[in-house]
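Worksheet: the structure to be examined is printed underneath.
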Amino acid sequence: SSFPGQFRNGLSKLGVPDEVLGFLFKWMVGPEDYPRIPEAKGSIGAIRSEAFFIPLYRLYLTYGGIFRLIFGPKSLLIVSDPLIAKHILKDNSKAYSKGILAEILDFVMGKGLIPADGEIWRVRRRAIVPALHQKFVGKMISLFGEATDRLCIKLDVAASDGEDVEMESLFSRLTLDIIGKAVFNYDFDSLKVDTGIVEAVYTVLREAEDRSVAPIPFWEIPIWKDISPKLKKVNAALKLINETLNNLIAICKRMVDEEELQFHEEYMNEQDPSILHFLLASGDDVSSKQLRDDLMTMLIAGHETSAAVLTWTFYLLSKEPSVMAKLQNEVDSVLGDRFPTIDDMKKLKYTTRVINESLRLYPQPPILIRRSLEEDTLGKYRIKRGEDIFISVWNLHRCPSHWEDADKFNPERWALDGPNPNESNQNFSYLPFGGGPRKCIGDMFATFETVVAVAMLVRRFDFQMALGAPPVSRNDNRSNNSYNRRFEDDSCAKETTFNHHNITDDNCGRRFINNHSND
Ligand code: HEM
């Protein structure tokens, strides 16, 4: 052991009482007296390769709940231990910032709620959270239903034509339509049309993903910045989105100026229930840049995450017919032919468990990113200021000693009449929406959104992988960027996509959708 350790042992043998030693050594013992964090050496290539957290999962089984991943001069702490995760996210959250994440997302989210830290974050969080009140979420249930109904109509047409359908891109469009309306009352209508603005949103999303895996910040290279066609396209897309947002803010301001409604806690304009409308009506005193950053952040946060959850859920369902059958039974008996209401959310218990379990197996994002702002103690280890930390939600959610049959899709693992699983009642072994002060503000919104979509789709259709479909794979190198999943990519293997042909009605009048994965 270290010198102070030996010295302390020596004094102890001489009979100096422990209390005195404790007091003395509190002042003397440096970090060298703490055990060294286990180290795994790798190449940056290993992190950048596909299947990014599959290797992290294997390293976790070897090195344990916290280890240091070293590549060249850089290192990352990988945390997969629930108590350490709780410490970082909740108990000592003040000592951590968003670090790398804020740097990567700066070009698109600026000081929006996800990357923001410190005082800006505190003020914005306090302004925005009240907008997602009960009445707002209730109103959103009908929005979810209407949007999903448009998707059903589209699938019906495809089913009649015997066409395969790529469900991943349809889910991406569904959730884009929903979040546009919810956040700033804009109808992307992307299930029907491909407008410039939809394309601009995807251009920006893709850029954020590319930056998150780039070995050097190519977007900062002086001349390259001005001549790269790709960056020009990104800048044009950002400009279009910003103009659109400015326009929406102006329209909304006029509406607020003209309306008679008194502002109160559960304030909501029926014609425009959006979060933007709430913020403007609340007299939110904020720069237009900050407002745009927040809107953009919510657009991105609420879009690809929900789309990925739906895609994975249908992939899982297509592999477990018994779960699908049970799910369809519940939906038939609770909903029949109706559109879902807020009361149904309590009754669709099994549907909710399916979403809970899908979020366990495929958390979005699979990794939470932090940087230490000061020295801290994690478990029995001491860390310095400025450490970059990846909390692997993926590892937490698949820990073989915590979960029975960790890799199995088993919604029954959550009791139907038990509480909805969350990070508190699962003690940070399950944290699909994060935890502590930076927890997702859209958790209820997103849960209801996915429950409504799943319920309405399985009531009408059966889903199966299309014949001859290539095996499903993940695009894992993208996933260290928390908020984006690639929507279409011709160079990488893609996650679940579903194709559909073969139109057979089952005896409940459901139609078969054949899913498959492709490139
Ligand atoms: C934060 C997950 C949907 C808005 C987070 C975090 C997670 C998460 C894990 C914590 C990030 C961290 O600690 O670093 C999800 C999932 C969703 C979803 C799985 C869908 C299934 C939404 C929606 C909205 C939203 C619909 C929009 C209303 C946000 C915001 C934050 C956040 C603004 C940052 C909160 C803060 O830092 O104070 N989300 N989210 N999310 N989410 Fe979500």
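Ordering of the structure tokens sets the chain letters (A, B, ...), residue numbers begin anew at 1 in every chain, and ligands are numbered from 1 in the order given.
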Out of region 233-467 of chain A, which residues get alpha helix (DSSP H) from DSSP, as a PyMOL selection string? chain A and resi 233-258+275-281+288-301+304-319+321-335+342-347+349-361+393-397+443-460
For chain A versus ligand 1, which residues have an atom no more than 6 Å away, and what is each residue's nearest atom pair and distance in Å rounded to one decimal, using only C-alpha atoms and all ligand atoms, chain-then-number order, as a Markdown table?
| residue | atom | partner | partner_atom_place_in_ligand_line | distance |
| --- | --- | --- | --- | --- |
| A:Leu113 | CA | ligand 1 | 33 (C) | 5.2 |
| A:Ile114 | CA | ligand 1 | 34 (C) | 4.0 |
| A:Arg125 | CA | ligand 1 | 38 (O) | 5.7 |
| A:Met298 | CA | ligand 1 | 27 (C) | 4.7 |
| A:Ala301 | CA | ligand 1 | 25 (C) | 4.7 |
| A:Gly302 | CA | ligand 1 | 26 (C) | 3.4 |
| A:Thr305 | CA | ligand 1 | 20 (C) | 4.6 |
| A:Ser306 | CA | ligand 1 | 21 (C) | 4.1 |
| A:Val309 | CA | ligand 1 | 21 (C) | 5.9 |
| A:Gln364 | CA | ligand 1 | 19 (C) | 4.6 |
| A:Pro365 | CA | ligand 1 | 9 (C) | 5.9 |
| A:Leu368 | CA | ligand 1 | 14 (O) | 4.8 |
| A:Ile369 | CA | ligand 1 | 14 (O) | 5.8 |
| A:Pro432 | CA | ligand 1 | 9 (C) | 5.4 |
| A:Phe433 | CA | ligand 1 | 9 (C) | 3.7 |
| A:Gly434 | CA | ligand 1 | 9 (C) | 4.1 |
| A:Arg438 | CA | ligand 1 | 38 (O) | 4.0 |
| A:Lys439 | CA | ligand 1 | 10 (C) | 4.9 |
| A:Cys440 | CA | ligand 1 | 1 (C) | 3.4 |
| A:Ile441 | CA | ligand 1 | 29 (C) | 5.0 |
| A:Gly442 | CA | ligand 1 | 24 (C) | 3.9 |
| A:Asp443 | CA | ligand 1 | 3 (C) | 5.8 |
| A:Phe445 | CA | ligand 1 | 26 (C) | 5.7 |
| A:Ala446 | CA | ligand 1 | 20 (C) | 4.7 |
Could you write those residues out with N, CA and C atoms, as a compact mmCIF listing (two decimals), in the first residue's frame?
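This went into again11.txt:
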# COMPACT_ATOMS: atom_id res chain seq x y z
N LEU A 113 -32.35 22.91 -23.25
CA LEU A 113 -32.45 22.25 -21.95
C LEU A 113 -31.59 20.99 -21.80
N ILE A 114 -31.38 20.25 -22.86
CA ILE A 114 -30.57 19.04 -22.71
C ILE A 114 -29.09 19.35 -22.47
N ARG A 125 -35.39 25.06 -17.04
CA ARG A 125 -36.13 23.90 -16.57
C ARG A 125 -37.37 24.36 -15.81
N MET A 298 -36.32 20.21 -27.73
CA MET A 298 -37.47 19.34 -27.48
C MET A 298 -37.89 18.60 -28.74
N ALA A 301 -35.30 15.82 -28.93
CA ALA A 301 -35.41 14.89 -27.79
C ALA A 301 -36.66 14.03 -27.91
N GLY A 302 -37.73 14.62 -28.43
CA GLY A 302 -39.00 13.90 -28.42
C GLY A 302 -39.29 13.17 -29.71
N THR A 305 -36.15 9.47 -30.18
CA THR A 305 -36.27 8.55 -29.04
C THR A 305 -37.55 7.73 -29.15
N SER A 306 -38.68 8.42 -29.28
CA SER A 306 -39.96 7.70 -29.35
C SER A 306 -40.01 6.80 -30.58
N VAL A 309 -38.09 3.67 -29.87
CA VAL A 309 -38.81 2.80 -28.94
C VAL A 309 -39.89 2.01 -29.68
N GLN A 364 -33.18 4.31 -24.85
CA GLN A 364 -32.85 5.43 -25.74
C GLN A 364 -32.66 6.67 -24.89
N PRO A 365 -31.53 7.21 -24.79
CA PRO A 365 -30.24 6.76 -25.29
C PRO A 365 -29.67 5.65 -24.41
N LEU A 368 -25.68 7.61 -20.88
CA LEU A 368 -25.81 8.99 -20.42
C LEU A 368 -24.40 9.55 -20.22
N ILE A 369 -24.23 10.79 -20.63
CA ILE A 369 -22.89 11.38 -20.62
C ILE A 369 -22.78 12.49 -19.57
N PRO A 432 -34.94 4.29 -17.75
CA PRO A 432 -35.18 4.62 -19.16
C PRO A 432 -35.28 6.11 -19.40
N PHE A 433 -35.64 6.88 -18.41
CA PHE A 433 -35.76 8.32 -18.58
C PHE A 433 -34.73 9.08 -17.74
N GLY A 434 -33.65 8.40 -17.39
CA GLY A 434 -32.65 9.03 -16.55
C GLY A 434 -33.15 9.13 -15.11
N ARG A 438 -31.96 16.03 -13.74
CA ARG A 438 -31.94 16.11 -15.21
C ARG A 438 -32.80 15.05 -15.85
N LYS A 439 -33.68 14.45 -15.09
CA LYS A 439 -34.55 13.43 -15.65
C LYS A 439 -35.38 14.00 -16.80
N CYS A 440 -35.73 13.14 -17.72
CA CYS A 440 -36.55 13.53 -18.88
C CYS A 440 -37.82 14.25 -18.43
N ILE A 441 -38.13 15.36 -19.11
CA ILE A 441 -39.38 16.06 -18.79
C ILE A 441 -40.55 15.50 -19.61
N GLY A 442 -40.22 14.64 -20.59
CA GLY A 442 -41.28 14.13 -21.46
C GLY A 442 -41.63 12.68 -21.16
N ASP A 443 -41.29 12.20 -19.95
CA ASP A 443 -41.48 10.76 -19.68
C ASP A 443 -42.93 10.31 -19.80
N PHE A 445 -45.42 11.98 -21.31
CA PHE A 445 -45.78 12.23 -22.70
C PHE A 445 -45.36 11.04 -23.57
N ALA A 446 -44.11 10.65 -23.45
CA ALA A 446 -43.56 9.61 -24.32
C ALA A 446 -44.18 8.24 -24.01
Taking 6 positions as the minimum chain separation for residues in the same chain, which residues sit within 12 Å of region 195-198 of chain A when counting only C-alpha atoms? Answer as a list in words.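 The filter keeps Ser172, Arg173, Leu174, Leu176, Asp177, Gly180, Tyr186, Asp187, Phe188, Asp189, Val204, Leu205, Ala236, Ala237, Leu238, Lys239, Leu240, Ile241, Asn242, Glu243, Thr244, Leu245 and Leu299 of chain A.
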Quick one: write out the picked residues with N, CA, C and O atoms as a PDB file, in the first residue's frame?
ATOM      1  N   SER A 172     -40.632   7.099 -37.508  1.00  0.00           N
ATOM      2  CA  SER A 172     -39.915   8.359 -37.407  1.00  0.00           C
ATOM      3  C   SER A 172     -40.814   9.521 -37.835  1.00  0.00           C
ATOM      4  O   SER A 172     -40.823  10.591 -37.226  1.00  0.00           O
ATOM      5  N   ARG A 173     -41.591   9.289 -38.891  1.00  0.00           N
ATOM      6  CA  ARG A 173     -42.501  10.337 -39.364  1.00  0.00           C
ATOM      7  C   ARG A 173     -43.667  10.547 -38.396  1.00  0.00           C
ATOM      8  O   ARG A 173     -44.086  11.675 -38.143  1.00  0.00           O
ATOM      9  N   LEU A 174     -44.177   9.437 -37.870  1.00  0.00           N
ATOM     10  CA  LEU A 174     -45.268   9.552 -36.894  1.00  0.00           C
ATOM     11  C   LEU A 174     -44.855  10.438 -35.719  1.00  0.00           C
ATOM     12  O   LEU A 174     -45.564  11.383 -35.337  1.00  0.00           O
ATOM     13  N   LEU A 176     -42.396  12.550 -35.536  1.00  0.00           N
ATOM     14  CA  LEU A 176     -42.082  13.920 -35.953  1.00  0.00           C
ATOM     15  C   LEU A 176     -43.370  14.744 -36.046  1.00  0.00           C
ATOM     16  O   LEU A 176     -43.432  15.878 -35.552  1.00  0.00           O
ATOM     17  N   ASP A 177     -44.393  14.159 -36.659  1.00  0.00           N
ATOM     18  CA  ASP A 177     -45.679  14.869 -36.753  1.00  0.00           C
ATOM     19  C   ASP A 177     -46.198  15.222 -35.359  1.00  0.00           C
ATOM     20  O   ASP A 177     -46.677  16.321 -35.123  1.00  0.00           O
ATOM     21  N   GLY A 180     -43.913  17.954 -33.472  1.00  0.00           N
ATOM     22  CA  GLY A 180     -44.046  19.286 -34.084  1.00  0.00           C
ATOM     23  C   GLY A 180     -45.292  19.997 -33.591  1.00  0.00           C
ATOM     24  O   GLY A 180     -45.255  21.177 -33.216  1.00  0.00           O
ATOM     25  N   TYR A 186     -46.866  22.998 -35.092  1.00  0.00           N
ATOM     26  CA  TYR A 186     -46.563  22.952 -36.518  1.00  0.00           C
ATOM     27  C   TYR A 186     -46.865  21.559 -37.043  1.00  0.00           C
ATOM     28  O   TYR A 186     -46.507  20.562 -36.417  1.00  0.00           O
ATOM     29  N   ASP A 187     -47.552  21.518 -38.177  1.00  0.00           N
ATOM     30  CA  ASP A 187     -47.912  20.236 -38.742  1.00  0.00           C
ATOM     31  C   ASP A 187     -46.913  19.849 -39.833  1.00  0.00           C
ATOM     32  O   ASP A 187     -47.023  20.296 -40.961  1.00  0.00           O
ATOM     33  N   PHE A 188     -45.934  19.034 -39.489  1.00  0.00           N
ATOM     34  CA  PHE A 188     -44.974  18.590 -40.500  1.00  0.00           C
ATOM     35  C   PHE A 188     -45.670  17.758 -41.576  1.00  0.00           C
ATOM     36  O   PHE A 188     -45.248  17.730 -42.718  1.00  0.00           O
ATOM     37  N   ASP A 189     -46.724  17.059 -41.177  1.00  0.00           N
ATOM     38  CA  ASP A 189     -47.478  16.215 -42.106  1.00  0.00           C
ATOM     39  C   ASP A 189     -46.551  15.275 -42.874  1.00  0.00           C
ATOM     40  O   ASP A 189     -46.739  15.029 -44.059  1.00  0.00           O
ATOM     41  N   VAL A 204     -30.038  17.775 -40.168  1.00  0.00           N
ATOM     42  CA  VAL A 204     -29.430  18.234 -38.923  1.00  0.00           C
ATOM     43  C   VAL A 204     -29.231  17.066 -37.952  1.00  0.00           C
ATOM     44  O   VAL A 204     -28.189  16.937 -37.303  1.00  0.00           O
ATOM     45  N   LEU A 205     -30.216  16.184 -37.885  1.00  0.00           N
ATOM     46  CA  LEU A 205     -30.095  15.013 -37.006  1.00  0.00           C
ATOM     47  C   LEU A 205     -28.899  14.156 -37.404  1.00  0.00           C
ATOM     48  O   LEU A 205     -28.122  13.700 -36.568  1.00  0.00           O
ATOM     49  N   ALA A 236     -27.501  25.372 -44.354  1.00  0.00           N
ATOM     50  CA  ALA A 236     -28.740  25.770 -45.035  1.00  0.00           C
ATOM     51  C   ALA A 236     -29.948  25.181 -44.298  1.00  0.00           C
ATOM     52  O   ALA A 236     -30.974  25.852 -44.114  1.00  0.00           O
ATOM     53  N   ALA A 237     -29.799  23.921 -43.856  1.00  0.00           N
ATOM     54  CA  ALA A 237     -30.902  23.269 -43.139  1.00  0.00           C
ATOM     55  C   ALA A 237     -31.182  24.000 -41.829  1.00  0.00           C
ATOM     56  O   ALA A 237     -32.338  24.276 -41.478  1.00  0.00           O
ATOM     57  N   LEU A 238     -30.109  24.346 -41.111  1.00  0.00           N
ATOM     58  CA  LEU A 238     -30.281  25.063 -39.840  1.00  0.00           C
ATOM     59  C   LEU A 238     -30.968  26.409 -40.066  1.00  0.00           C
ATOM     60  O   LEU A 238     -31.831  26.821 -39.281  1.00  0.00           O
ATOM     61  N   LYS A 239     -30.590  27.061 -41.158  1.00  0.00           N
ATOM     62  CA  LYS A 239     -31.167  28.366 -41.462  1.00  0.00           C
ATOM     63  C   LYS A 239     -32.673  28.210 -41.715  1.00  0.00           C
ATOM     64  O   LYS A 239     -33.482  28.972 -41.180  1.00  0.00           O
ATOM     65  N   LEU A 240     -33.013  27.206 -42.503  1.00  0.00           N
ATOM     66  CA  LEU A 240     -34.433  26.988 -42.803  1.00  0.00           C
ATOM     67  C   LEU A 240     -35.220  26.690 -41.520  1.00  0.00           C
ATOM     68  O   LEU A 240     -36.302  27.239 -41.292  1.00  0.00           O
ATOM     69  N   ILE A 241     -34.655  25.835 -40.679  1.00  0.00           N
ATOM     70  CA  ILE A 241     -35.358  25.484 -39.437  1.00  0.00           C
ATOM     71  C   ILE A 241     -35.513  26.728 -38.548  1.00  0.00           C
ATOM     72  O   ILE A 241     -36.590  26.979 -37.999  1.00  0.00           O
ATOM     73  N   ASN A 242     -34.435  27.500 -38.442  1.00  0.00           N
ATOM     74  CA  ASN A 242     -34.506  28.696 -37.602  1.00  0.00           C
ATOM     75  C   ASN A 242     -35.530  29.698 -38.122  1.00  0.00           C
ATOM     76  O   ASN A 242     -36.281  30.292 -37.349  1.00  0.00           O
ATOM     77  N   GLU A 243     -35.576  29.870 -39.443  1.00  0.00           N
ATOM     78  CA  GLU A 243     -36.576  30.786 -40.007  1.00  0.00           C
ATOM     79  C   GLU A 243     -37.983  30.289 -39.724  1.00  0.00           C
ATOM     80  O   GLU A 243     -38.866  31.056 -39.346  1.00  0.00           O
ATOM     81  N   THR A 244     -38.158  28.979 -39.894  1.00  0.00           N
ATOM     82  CA  THR A 244     -39.477  28.408 -39.621  1.00  0.00           C
ATOM     83  C   THR A 244     -39.854  28.622 -38.158  1.00  0.00           C
ATOM     84  O   THR A 244     -40.986  29.016 -37.848  1.00  0.00           O
ATOM     85  N   LEU A 245     -38.892  28.374 -37.265  1.00  0.00           N
ATOM     86  CA  LEU A 245     -39.180  28.557 -35.839  1.00  0.00           C
ATOM     87  C   LEU A 245     -39.500  30.024 -35.525  1.00  0.00           C
ATOM     88  O   LEU A 245     -40.460  30.310 -34.793  1.00  0.00           O
ATOM     89  N   LEU A 299     -37.760  19.277 -29.886  1.00  0.00           N
ATOM     90  CA  LEU A 299     -38.075  18.616 -31.158  1.00  0.00           C
ATOM     91  C   LEU A 299     -37.211  17.368 -31.322  1.00  0.00           C
ATOM     92  O   LEU A 299     -37.705  16.281 -31.623  1.00  0.00           O
TER      93      LEU A 299
END
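In the backbone-derived DSSP annotation, strand (DSSP E) within region 379-481 of chain A comprises Tyr381, Arg382, Ile383, Asp388, Ile389, Phe390, Ile391, Ser392, Phe461, Asp462, Phe463, Gln464 and Met465 of chain A.
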Can those selected residues be exported to a file as a CSV table (one decimal), in the first residue's frame so that it contains all heavy atoms?
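Okay, this is what ended up in again_14.csv:
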chain,number,residue,atom,x,y,z
A,381,TYR,N,-13.6,4.5,-5.1
A,381,TYR,CA,-12.6,5.2,-6.0
A,381,TYR,C,-12.7,6.7,-5.9
A,381,TYR,O,-13.8,7.2,-5.8
A,381,TYR,CB,-12.7,4.7,-7.4
A,381,TYR,CG,-12.7,3.3,-7.6
A,381,TYR,CD1,-13.8,2.5,-8.0
A,381,TYR,CD2,-11.5,2.6,-7.3
A,381,TYR,CE1,-13.7,1.2,-8.1
A,381,TYR,CE2,-11.4,1.2,-7.5
A,381,TYR,CZ,-12.5,0.5,-7.9
A,381,TYR,OH,-12.5,-0.9,-8.1
A,382,ARG,N,-11.6,7.3,-6.0
A,382,ARG,CA,-11.5,8.8,-6.0
A,382,ARG,C,-11.4,9.2,-7.5
A,382,ARG,O,-10.6,8.6,-8.2
A,382,ARG,CB,-10.3,9.2,-5.2
A,382,ARG,CG,-10.2,10.7,-4.9
A,382,ARG,CD,-11.1,11.0,-3.7
A,382,ARG,NE,-11.2,12.4,-3.6
A,382,ARG,CZ,-12.2,13.1,-3.1
A,382,ARG,NH1,-13.3,12.5,-2.8
A,382,ARG,NH2,-12.2,14.4,-3.0
A,383,ILE,N,-12.1,10.2,-7.9
A,383,ILE,CA,-11.9,10.7,-9.3
A,383,ILE,C,-11.6,12.2,-9.3
A,383,ILE,O,-11.9,12.9,-8.3
A,383,ILE,CB,-13.1,10.5,-10.2
A,383,ILE,CG1,-14.4,11.2,-9.7
A,383,ILE,CG2,-13.4,9.0,-10.3
A,383,ILE,CD1,-15.4,11.5,-10.8
A,388,ASP,N,-14.4,12.5,-18.0
A,388,ASP,CA,-15.6,12.2,-18.9
A,388,ASP,C,-16.2,10.9,-18.5
A,388,ASP,O,-15.4,9.9,-18.4
A,388,ASP,CB,-15.2,12.3,-20.4
A,388,ASP,CG,-15.1,13.7,-20.8
A,388,ASP,OD1,-16.0,14.5,-20.5
A,388,ASP,OD2,-14.0,14.0,-21.5
A,389,ILE,N,-17.5,10.8,-18.2
A,389,ILE,CA,-18.1,9.6,-17.7
A,389,ILE,C,-19.3,9.2,-18.6
A,389,ILE,O,-20.1,10.0,-19.0
A,389,ILE,CB,-18.7,9.9,-16.3
A,389,ILE,CG1,-17.5,10.4,-15.4
A,389,ILE,CG2,-19.4,8.7,-15.7
A,389,ILE,CD1,-18.0,10.9,-14.0
A,390,PHE,N,-19.3,7.9,-18.9
A,390,PHE,CA,-20.4,7.3,-19.7
A,390,PHE,C,-21.1,6.4,-18.7
A,390,PHE,O,-20.5,5.4,-18.2
A,390,PHE,CB,-19.9,6.5,-20.9
A,390,PHE,CG,-19.6,7.3,-22.1
A,390,PHE,CD1,-19.3,8.6,-22.0
A,390,PHE,CD2,-19.5,6.6,-23.3
A,390,PHE,CE1,-18.9,9.3,-23.2
A,390,PHE,CE2,-19.2,7.3,-24.5
A,390,PHE,CZ,-18.9,8.7,-24.4
A,391,ILE,N,-22.4,6.7,-18.4
A,391,ILE,CA,-23.2,5.8,-17.6
A,391,ILE,C,-23.9,4.9,-18.6
A,391,ILE,O,-24.7,5.4,-19.4
A,391,ILE,CB,-24.2,6.6,-16.7
A,391,ILE,CG1,-23.4,7.5,-15.8
A,391,ILE,CG2,-25.1,5.6,-16.0
A,391,ILE,CD1,-24.4,8.4,-15.0
A,392,SER,N,-23.6,3.6,-18.5
A,392,SER,CA,-24.2,2.7,-19.5
A,392,SER,C,-25.5,2.2,-19.0
A,392,SER,O,-25.6,1.2,-18.2
A,392,SER,CB,-23.3,1.5,-19.8
A,392,SER,OG,-24.0,0.6,-20.6
A,461,PHE,N,-53.6,-4.5,-36.9
A,461,PHE,CA,-52.6,-5.3,-37.7
A,461,PHE,C,-51.9,-6.3,-36.9
A,461,PHE,O,-51.7,-6.2,-35.7
A,461,PHE,CB,-51.6,-4.4,-38.3
A,461,PHE,CG,-52.2,-3.2,-39.2
A,461,PHE,CD1,-52.3,-2.0,-38.6
A,461,PHE,CD2,-52.6,-3.5,-40.5
A,461,PHE,CE1,-52.8,-0.9,-39.4
A,461,PHE,CE2,-53.2,-2.4,-41.2
A,461,PHE,CZ,-53.2,-1.2,-40.7
A,462,ASP,N,-51.5,-7.4,-37.6
A,462,ASP,CA,-50.5,-8.3,-37.1
A,462,ASP,C,-49.2,-7.9,-37.8
A,462,ASP,O,-49.2,-7.6,-38.9
A,462,ASP,CB,-50.8,-9.7,-37.4
A,462,ASP,CG,-51.6,-10.3,-36.3
A,462,ASP,OD1,-51.3,-10.1,-35.1
A,462,ASP,OD2,-52.6,-11.0,-36.5
A,463,PHE,N,-48.1,-8.1,-37.0
A,463,PHE,CA,-46.8,-7.7,-37.6
A,463,PHE,C,-45.9,-8.9,-37.6
A,463,PHE,O,-45.8,-9.7,-36.7
A,463,PHE,CB,-46.1,-6.6,-36.8
A,463,PHE,CG,-46.8,-5.3,-36.9
A,463,PHE,CD1,-48.0,-5.0,-36.2
A,463,PHE,CD2,-46.3,-4.3,-37.7
A,463,PHE,CE1,-48.6,-3.8,-36.3
A,463,PHE,CE2,-46.9,-3.1,-37.9
A,463,PHE,CZ,-48.1,-2.8,-37.2
A,464,GLN,N,-45.2,-9.2,-38.7
A,464,GLN,CA,-44.2,-10.2,-38.7
A,464,GLN,C,-43.1,-9.8,-39.7
A,464,GLN,O,-43.2,-9.0,-40.6
A,464,GLN,CB,-44.8,-11.6,-39.1
A,464,GLN,CG,-45.9,-11.5,-40.2
A,464,GLN,CD,-46.5,-12.8,-40.5
A,464,GLN,OE1,-46.0,-13.5,-41.3
A,464,GLN,NE2,-47.6,-13.2,-39.8
A,465,MET,N,-41.9,-10.4,-39.4
A,465,MET,CA,-40.8,-10.1,-40.2
A,465,MET,C,-41.0,-10.7,-41.6
A,465,MET,O,-41.5,-11.8,-41.8
A,465,MET,CB,-39.5,-10.8,-39.7
A,465,MET,CG,-39.2,-10.4,-38.2
A,465,MET,SD,-38.9,-8.7,-38.0
A,465,MET,CE,-37.1,-8.6,-38.5
Near Ala453 (chain A), counting only C-alpha atoms, which residues have an atom at most 9 Å away, once you skip same-chain residues fewer than 5 positions from it, shown as a PyMOL selection string? chain A and resi 144-145+147-149+310+448+458
Who sits within 7 Å of region 96-108 of chain A, only C-alpha atoms, same chain under 4 positions skipped, as number ranges by chain: A: 115, 117, 208, 211-212, 369-373, 388
Looking at only C-alpha atoms, which of A:Ile275, A:Leu335, A:Ile153, A:Leu69 is the one that sits closest to Asp294 (chain A)?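 Under the stated criterion, the closest residue is A:Ile275.
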Residue neighbourhood Pro273 (chain A), 9 Å, only C-alpha atoms, exclusion window fewer than 2 positions, as a short mmCIF file (atom, residue, chain, number, x, y, z; two decimals) with C-alpha atoms, in the first residue's frame:
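Wrote around16.cif, looks like this:
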data_model
loop_
_atom_site.label_atom_id
_atom_site.label_comp_id
_atom_site.auth_asym_id
_atom_site.auth_seq_id
_atom_site.Cartn_x
_atom_site.Cartn_y
_atom_site.Cartn_z
CA PHE A 136 -51.72 19.28 -21.66
CA LYS A 139 -55.02 16.79 -24.71
CA MET A 140 -52.00 15.12 -26.27
CA LYS A 181 -47.65 19.85 -33.07
CA ALA A 182 -46.96 19.36 -29.37
CA VAL A 183 -43.97 21.67 -29.11
CA PHE A 184 -44.80 24.52 -31.51
CA ASN A 185 -48.12 23.75 -33.16
CA TYR A 267 -53.39 27.17 -18.81
CA MET A 268 -54.00 25.79 -22.26
CA ASN A 269 -55.30 27.26 -25.50
CA GLU A 270 -57.58 24.64 -27.10
CA GLN A 271 -56.72 25.76 -30.64
CA ILE A 275 -45.60 24.10 -25.23
CA LEU A 276 -44.55 27.25 -27.12
CA HIS A 277 -47.96 28.81 -26.59
CA PHE A 278 -47.78 28.09 -22.88
#
Please, what distance in Å, to one decimal, runs between CA of Ala95 (chain A) and CA of Pro437 (chain A)?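 Those two atoms sit 12.2 Å apart.
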Of the listed residues A:Ser288, A:Asn395, A:Ser160, A:Asn410, that which approaches Met324 (chain A) most closely, counting only C-alpha atoms: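 Of all the options, A:Asn410 lies closest to Met324 (chain A).
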For Arg254 (chain A), which residue out of A:Leu231, A:Gly112, A:Ala281, A:Val137 is the nearest one, using only C-alpha atoms?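 Counting only C-alpha atoms, the residue closest to Arg254 (chain A) is A:Ala281.
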Counting only C-alpha atoms, the option among A:Ala40, A:Leu11, A:Leu83, A:Ile120 closest to Ser287 (chain A):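 For Ser287 (chain A), the nearest of the given residues is A:Ile120.
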